[in-house]
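Undergrad: Input file: target-v4.cif. Contents: mmCIF, C-alpha atoms.
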data_structure
loop_
_atom_site.group_PDB
_atom_site.id
_atom_site.type_symbol
_atom_site.label_atom_id
_atom_site.label_comp_id
_atom_site.auth_asym_id
_atom_site.auth_seq_id
_atom_site.Cartn_x
_atom_site.Cartn_y
_atom_site.Cartn_z
ATOM 1 C CA MET A 3 88.547 -71.410 -70.193
ATOM 2 C CA THR A 4 90.241 -68.368 -71.749
ATOM 3 C CA LYS A 5 91.544 -65.782 -69.326
ATOM 4 C CA LYS A 6 90.651 -62.153 -69.961
ATOM 5 C CA ILE A 7 93.643 -59.842 -70.367
ATOM 6 C CA LYS A 8 92.947 -56.258 -69.354
ATOM 7 C CA LYS A 9 96.338 -54.584 -69.832
ATOM 8 C CA THR A 10 97.239 -53.529 -73.378
ATOM 9 C CA GLU A 11 100.927 -54.360 -72.759
ATOM 10 C CA ASP A 12 99.914 -58.021 -72.336
ATOM 11 C CA LEU A 13 98.345 -58.272 -75.800
ATOM 12 C CA ASP A 14 101.632 -59.211 -77.453
ATOM 13 C CA ARG A 15 102.080 -62.128 -75.050
ATOM 14 C CA LEU A 16 98.882 -64.040 -75.740
ATOM 15 C CA CYS A 17 98.732 -67.604 -77.012
ATOM 16 C CA TRP A 18 97.749 -67.648 -80.684
ATOM 17 C CA HIS A 19 95.707 -70.811 -80.131
ATOM 18 C CA CYS A 20 93.635 -70.060 -77.030
ATOM 19 C CA ASN A 21 94.293 -66.361 -76.204
ATOM 20 C CA THR A 22 95.703 -67.093 -72.729
ATOM 21 C CA LYS A 23 98.593 -65.062 -71.337
ATOM 22 C CA LEU A 24 101.889 -66.864 -72.011
ATOM 23 C CA LEU A 25 104.263 -67.680 -69.162
ATOM 24 C CA TYR A 26 107.953 -66.823 -69.334
ATOM 25 C CA GLY A 27 110.145 -69.907 -69.414
ATOM 26 C CA GLY A 28 113.667 -68.498 -69.668
ATOM 27 C CA GLU A 29 116.256 -67.248 -72.139
ATOM 28 C CA HIS A 30 119.322 -68.676 -73.799
ATOM 29 C CA ASP A 31 122.261 -66.829 -75.387
ATOM 30 C CA ILE A 32 122.798 -68.324 -78.849
ATOM 31 C CA SER A 33 125.049 -65.593 -80.281
ATOM 32 C CA GLN A 34 128.018 -67.975 -80.603
ATOM 33 C CA GLU A 35 125.901 -70.752 -82.139
ATOM 34 C CA ASP A 36 123.755 -68.843 -84.639
ATOM 35 C CA GLU A 37 124.648 -66.532 -87.507
ATOM 36 C CA PHE A 38 121.498 -64.387 -87.361
ATOM 37 C CA TYR A 39 120.212 -64.426 -83.772
ATOM 38 C CA GLU A 40 121.728 -63.464 -80.420
ATOM 39 C CA SER A 41 119.178 -64.944 -78.008
ATOM 40 C CA VAL A 42 116.028 -67.014 -77.764
ATOM 41 C CA THR A 43 113.250 -66.559 -75.187
ATOM 42 C CA TYR A 44 111.005 -69.477 -74.292
ATOM 43 C CA MET A 45 107.344 -69.023 -73.370
ATOM 44 C CA GLY A 46 104.541 -71.493 -72.795
ATOM 45 C CA CYS A 47 100.778 -71.543 -72.500
ATOM 46 C CA PRO A 48 99.411 -72.883 -69.204
ATOM 47 C CA ASP A 49 96.056 -73.782 -70.791
ATOM 48 C CA CYS A 50 96.785 -75.531 -74.100
ATOM 49 C CA SER A 51 100.501 -76.325 -73.571
ATOM 50 C CA ALA A 52 101.625 -74.456 -76.707
ATOM 51 C CA HIS A 53 105.350 -73.651 -76.764
ATOM 52 C CA VAL A 54 106.680 -70.353 -78.177
ATOM 53 C CA GLU A 55 110.272 -69.444 -79.020
ATOM 54 C CA ILE A 56 111.100 -65.791 -79.672
ATOM 55 C CA TYR A 57 114.408 -65.100 -81.411
ATOM 56 C CA LYS A 58 116.149 -61.736 -81.005
ATOM 57 C CA ALA A 59 118.091 -60.797 -84.127
ATOM 58 C CA LYS A 60 121.649 -59.551 -84.132
ATOM 59 C CA LYS A 61 121.795 -55.843 -84.928
ATOM 60 C CA ASP A 62 124.066 -56.020 -87.988
ATOM 61 C CA ILE A 63 121.995 -58.489 -89.999
ATOM 62 C CA ASP A 64 120.951 -57.885 -93.607
ATOM 63 C CA TYR A 65 117.343 -59.073 -93.268
ATOM 64 C CA GLU A 66 116.693 -59.255 -97.001
ATOM 65 C CA ALA A 67 119.682 -61.551 -97.498
ATOM 66 C CA LYS A 68 118.607 -63.672 -94.494
ATOM 67 C CA SER A 69 115.092 -63.960 -95.867
ATOM 68 C CA ASN A 70 116.419 -65.272 -99.181
ATOM 69 C CA LEU A 71 118.491 -67.915 -97.385
ATOM 70 C CA VAL A 72 115.561 -69.185 -95.326
ATOM 71 C CA HIS A 73 113.146 -69.571 -98.239
#
Just give me the structure as structure tokens.
TA:
Amino acid sequence: MTKKIKKTEDLDRLCWHCNTKLLYGGEHDISQEDEFYESVTYMGCPDCSAHVEIYKAKKDIDYEAKSNLVH
């Protein structure tokens, strides 16, 4: 069963698969380990068990150059 989200600030935290509000699972500082990102936030869906990782970019990154490296 999909839970109804009433607050607009919750819309960016919905599971892409089942539209349920994601639960916060913690954060990890990866600034020393990764060239492009400073931290990763973990979230999970209580209904369908989807796992989401959100990476926060370092501020001085050339995104066009990064994009070319990834592809």
Undergrad: Could you please determine the separation between CA of Arg15 in chain A and CA of Gly27 in chain A in Å, to one decimal place?
TA: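 Taking CA of Arg15 in chain A and CA of Gly27 in chain A, their separation equals 12.5 Å.
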Undergrad: Rounded to one decimal in Å, what is the spacing between CA of Asp36 in chain A and CA of Lys60 in chain A?
TA: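 CA of Lys60 in chain A lies at a distance of 9.5 Å from CA of Asp36 in chain A.
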Undergrad: Would you mind reading off the distance between CA of Glu40 in chain A and CA of Cys20 in chain A, one decimal, in Å?
TA: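 Here the two named atoms are 29.1 Å from each other.
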Undergrad: Show which residues sit within 9 Å of Met45 in chain A, as a short mmCIF file (atom, residue, chain, number, x, y, z; two decimals) with C-alpha atoms, keeping the file's coordinate frame. Count only C-alpha atoms, and ignore same-chain residues fewer than 2 positions away.
TA:
data_model
loop_
_atom_site.label_atom_id
_atom_site.label_comp_id
_atom_site.auth_asym_id
_atom_site.auth_seq_id
_atom_site.Cartn_x
_atom_site.Cartn_y
_atom_site.Cartn_z
CA ARG A 15 102.08 -62.13 -75.05
CA LEU A 24 101.89 -66.86 -72.01
CA LEU A 25 104.26 -67.68 -69.16
CA TYR A 26 107.95 -66.82 -69.33
CA GLY A 27 110.14 -69.91 -69.41
CA GLY A 28 113.67 -68.50 -69.67
CA THR A 43 113.25 -66.56 -75.19
CA CYS A 47 100.78 -71.54 -72.50
CA ALA A 52 101.62 -74.46 -76.71
CA HIS A 53 105.35 -73.65 -76.76
CA VAL A 54 106.68 -70.35 -78.18
CA GLU A 55 110.27 -69.44 -79.02
CA ILE A 56 111.10 -65.79 -79.67
#
Undergrad: Any chance you could work out the residue set of the PyMOL selection byres ((chain A and resi 37) around 10) here, as an MDAnalysis selection string?
TA: chainID A and resid 32:36 38:40 59:60 63 68
Undergrad: Got a sec to check which residues sit within 7 Å of (117.0, -66.8, -76.0), counting all atoms listed in the file, and write them as a list in words?
TA: Glu29, His30, Asp31, Ile32, Ser41, Val42, Thr43, Tyr44 and Tyr57 of chain A
Undergrad: Quick check on the file I pasted: which residues fall under the PyMOL selection byres ((chain A and resi 50) around 9)? Write them as a list in words.
TA: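 So the PyMOL selection byres ((chain A and resi 50) around 9), applied here, picks out Cys17, His19, Cys20, Thr22, Gly46, Cys47, Pro48, Asp49, Ser51 and Ala52 of chain A.
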Undergrad: For the selection just defined, write its residues with C-alpha atoms to a file, as a PDB file, keeping the file's coordinate frame.
TA:
ATOM      1  CA  CYS A  17      98.732 -67.604 -77.012  1.00  0.00           C
ATOM      2  CA  HIS A  19      95.707 -70.811 -80.131  1.00  0.00           C
ATOM      3  CA  CYS A  20      93.635 -70.060 -77.030  1.00  0.00           C
ATOM      4  CA  THR A  22      95.703 -67.093 -72.729  1.00  0.00           C
ATOM      5  CA  GLY A  46     104.541 -71.493 -72.795  1.00  0.00           C
ATOM      6  CA  CYS A  47     100.778 -71.543 -72.500  1.00  0.00           C
ATOM      7  CA  PRO A  48      99.411 -72.883 -69.204  1.00  0.00           C
ATOM      8  CA  ASP A  49      96.056 -73.782 -70.791  1.00  0.00           C
ATOM      9  CA  SER A  51     100.501 -76.325 -73.571  1.00  0.00           C
ATOM     10  CA  ALA A  52     101.625 -74.456 -76.707  1.00  0.00           C
TER      11      ALA A  52
END
Undergrad: Start from the incomplete input, build N, CA, C and O atoms for range 15-41 of chain A, and deliver everything as an mmCIF file, keeping the file's coordinate frame.
TA:
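Wrote rebuild-v5.cif, looks like this:
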data_model
loop_
_atom_site.group_PDB
_atom_site.id
_atom_site.type_symbol
_atom_site.label_atom_id
_atom_site.label_comp_id
_atom_site.auth_asym_id
_atom_site.auth_seq_id
_atom_site.Cartn_x
_atom_site.Cartn_y
_atom_site.Cartn_z
ATOM 1 N N ARG A 15 101.635 -60.898 -75.714
ATOM 2 C CA ARG A 15 102.080 -62.128 -75.050
ATOM 3 C C ARG A 15 100.939 -63.129 -74.897
ATOM 4 O O ARG A 15 100.921 -63.909 -73.962
ATOM 5 N N LEU A 16 100.005 -63.115 -75.804
ATOM 6 C CA LEU A 16 98.882 -64.040 -75.740
ATOM 7 C C LEU A 16 99.113 -65.239 -76.651
ATOM 8 O O LEU A 16 99.686 -65.118 -77.731
ATOM 9 N N CYS A 17 98.654 -66.389 -76.215
ATOM 10 C CA CYS A 17 98.732 -67.604 -77.012
ATOM 11 C C CYS A 17 97.901 -67.439 -78.284
ATOM 12 O O CYS A 17 96.741 -67.006 -78.222
ATOM 13 N N TRP A 18 98.466 -67.766 -79.418
ATOM 14 C CA TRP A 18 97.749 -67.648 -80.684
ATOM 15 C C TRP A 18 96.629 -68.675 -80.805
ATOM 16 O O TRP A 18 95.707 -68.512 -81.583
ATOM 17 N N HIS A 19 96.702 -69.737 -80.024
ATOM 18 C CA HIS A 19 95.707 -70.811 -80.131
ATOM 19 C C HIS A 19 94.505 -70.611 -79.219
ATOM 20 O O HIS A 19 93.383 -70.873 -79.622
ATOM 21 N N CYS A 20 94.757 -70.146 -77.972
ATOM 22 C CA CYS A 20 93.635 -70.060 -77.030
ATOM 23 C C CYS A 20 93.521 -68.696 -76.347
ATOM 24 O O CYS A 20 92.647 -68.509 -75.514
ATOM 25 N N ASN A 21 94.388 -67.745 -76.698
ATOM 26 C CA ASN A 21 94.293 -66.361 -76.204
ATOM 27 C C ASN A 21 94.591 -66.211 -74.712
ATOM 28 O O ASN A 21 94.184 -65.248 -74.095
ATOM 29 N N THR A 22 95.315 -67.151 -74.137
ATOM 30 C CA THR A 22 95.703 -67.093 -72.729
ATOM 31 C C THR A 22 97.071 -66.418 -72.625
ATOM 32 O O THR A 22 97.904 -66.559 -73.517
ATOM 33 N N LYS A 23 97.299 -65.719 -71.525
ATOM 34 C CA LYS A 23 98.593 -65.062 -71.337
ATOM 35 C C LYS A 23 99.700 -66.113 -71.222
ATOM 36 O O LYS A 23 99.605 -67.053 -70.446
ATOM 37 N N LEU A 24 100.767 -65.940 -72.018
ATOM 38 C CA LEU A 24 101.889 -66.864 -72.011
ATOM 39 C C LEU A 24 102.759 -66.660 -70.777
ATOM 40 O O LEU A 24 102.888 -65.545 -70.271
ATOM 41 N N LEU A 25 103.363 -67.728 -70.310
ATOM 42 C CA LEU A 25 104.263 -67.680 -69.162
ATOM 43 C C LEU A 25 105.702 -67.708 -69.637
ATOM 44 O O LEU A 25 106.058 -68.464 -70.544
ATOM 45 N N TYR A 26 106.535 -66.892 -69.014
ATOM 46 C CA TYR A 26 107.953 -66.823 -69.334
ATOM 47 C C TYR A 26 108.646 -68.098 -68.875
ATOM 48 O O TYR A 26 108.455 -68.549 -67.752
ATOM 49 N N GLY A 27 109.471 -68.669 -69.756
ATOM 50 C CA GLY A 27 110.145 -69.907 -69.414
ATOM 51 C C GLY A 27 111.657 -69.819 -69.375
ATOM 52 O O GLY A 27 112.323 -70.792 -69.058
ATOM 53 N N GLY A 28 112.217 -68.662 -69.714
ATOM 54 C CA GLY A 28 113.667 -68.498 -69.668
ATOM 55 C C GLY A 28 114.235 -68.005 -70.979
ATOM 56 O O GLY A 28 113.523 -67.863 -71.976
ATOM 57 N N GLU A 29 115.547 -67.732 -70.954
ATOM 58 C CA GLU A 29 116.256 -67.248 -72.139
ATOM 59 C C GLU A 29 117.566 -67.998 -72.289
ATOM 60 O O GLU A 29 118.108 -68.532 -71.322
ATOM 61 N N HIS A 30 118.059 -68.003 -73.517
ATOM 62 C CA HIS A 30 119.322 -68.676 -73.799
ATOM 63 C C HIS A 30 120.106 -67.824 -74.795
ATOM 64 O O HIS A 30 119.576 -67.401 -75.828
ATOM 65 N N ASP A 31 121.381 -67.567 -74.489
ATOM 66 C CA ASP A 31 122.261 -66.829 -75.387
ATOM 67 C C ASP A 31 122.738 -67.785 -76.476
ATOM 68 O O ASP A 31 123.392 -68.782 -76.196
ATOM 69 N N ILE A 32 122.393 -67.469 -77.733
ATOM 70 C CA ILE A 32 122.798 -68.324 -78.849
ATOM 71 C C ILE A 32 123.711 -67.578 -79.815
ATOM 72 O O ILE A 32 123.925 -68.028 -80.944
ATOM 73 N N SER A 33 124.253 -66.445 -79.392
ATOM 74 C CA SER A 33 125.049 -65.593 -80.281
ATOM 75 C C SER A 33 126.276 -66.308 -80.847
ATOM 76 O O SER A 33 126.694 -66.015 -81.970
ATOM 77 N N GLN A 34 126.853 -67.238 -80.113
ATOM 78 C CA GLN A 34 128.018 -67.975 -80.603
ATOM 79 C C GLN A 34 127.620 -69.144 -81.504
ATOM 80 O O GLN A 34 128.432 -69.643 -82.274
ATOM 81 N N GLU A 35 126.370 -69.575 -81.406
ATOM 82 C CA GLU A 35 125.901 -70.752 -82.139
ATOM 83 C C GLU A 35 125.157 -70.418 -83.419
ATOM 84 O O GLU A 35 125.018 -71.270 -84.292
ATOM 85 N N ASP A 36 124.628 -69.195 -83.525
ATOM 86 C CA ASP A 36 123.755 -68.843 -84.639
ATOM 87 C C ASP A 36 124.263 -67.611 -85.368
ATOM 88 O O ASP A 36 124.709 -66.651 -84.749
ATOM 89 N N GLU A 37 124.161 -67.635 -86.672
ATOM 90 C CA GLU A 37 124.648 -66.532 -87.507
ATOM 91 C C GLU A 37 123.751 -65.301 -87.447
ATOM 92 O O GLU A 37 124.223 -64.174 -87.571
ATOM 93 N N PHE A 38 122.460 -65.481 -87.261
ATOM 94 C CA PHE A 38 121.498 -64.387 -87.361
ATOM 95 C C PHE A 38 120.925 -63.904 -86.033
ATOM 96 O O PHE A 38 120.477 -62.780 -85.930
ATOM 97 N N TYR A 39 120.897 -64.765 -85.016
ATOM 98 C CA TYR A 39 120.212 -64.426 -83.772
ATOM 99 C C TYR A 39 121.161 -64.428 -82.584
ATOM 100 O O TYR A 39 122.092 -65.215 -82.511
ATOM 101 N N GLU A 40 120.874 -63.529 -81.611
ATOM 102 C CA GLU A 40 121.728 -63.464 -80.420
ATOM 103 C C GLU A 40 121.128 -64.156 -79.209
ATOM 104 O O GLU A 40 121.848 -64.588 -78.325
ATOM 105 N N SER A 41 119.789 -64.260 -79.147
ATOM 106 C CA SER A 41 119.178 -64.944 -78.008
ATOM 107 C C SER A 41 117.813 -65.503 -78.390
ATOM 108 O O SER A 41 117.219 -65.096 -79.387
#
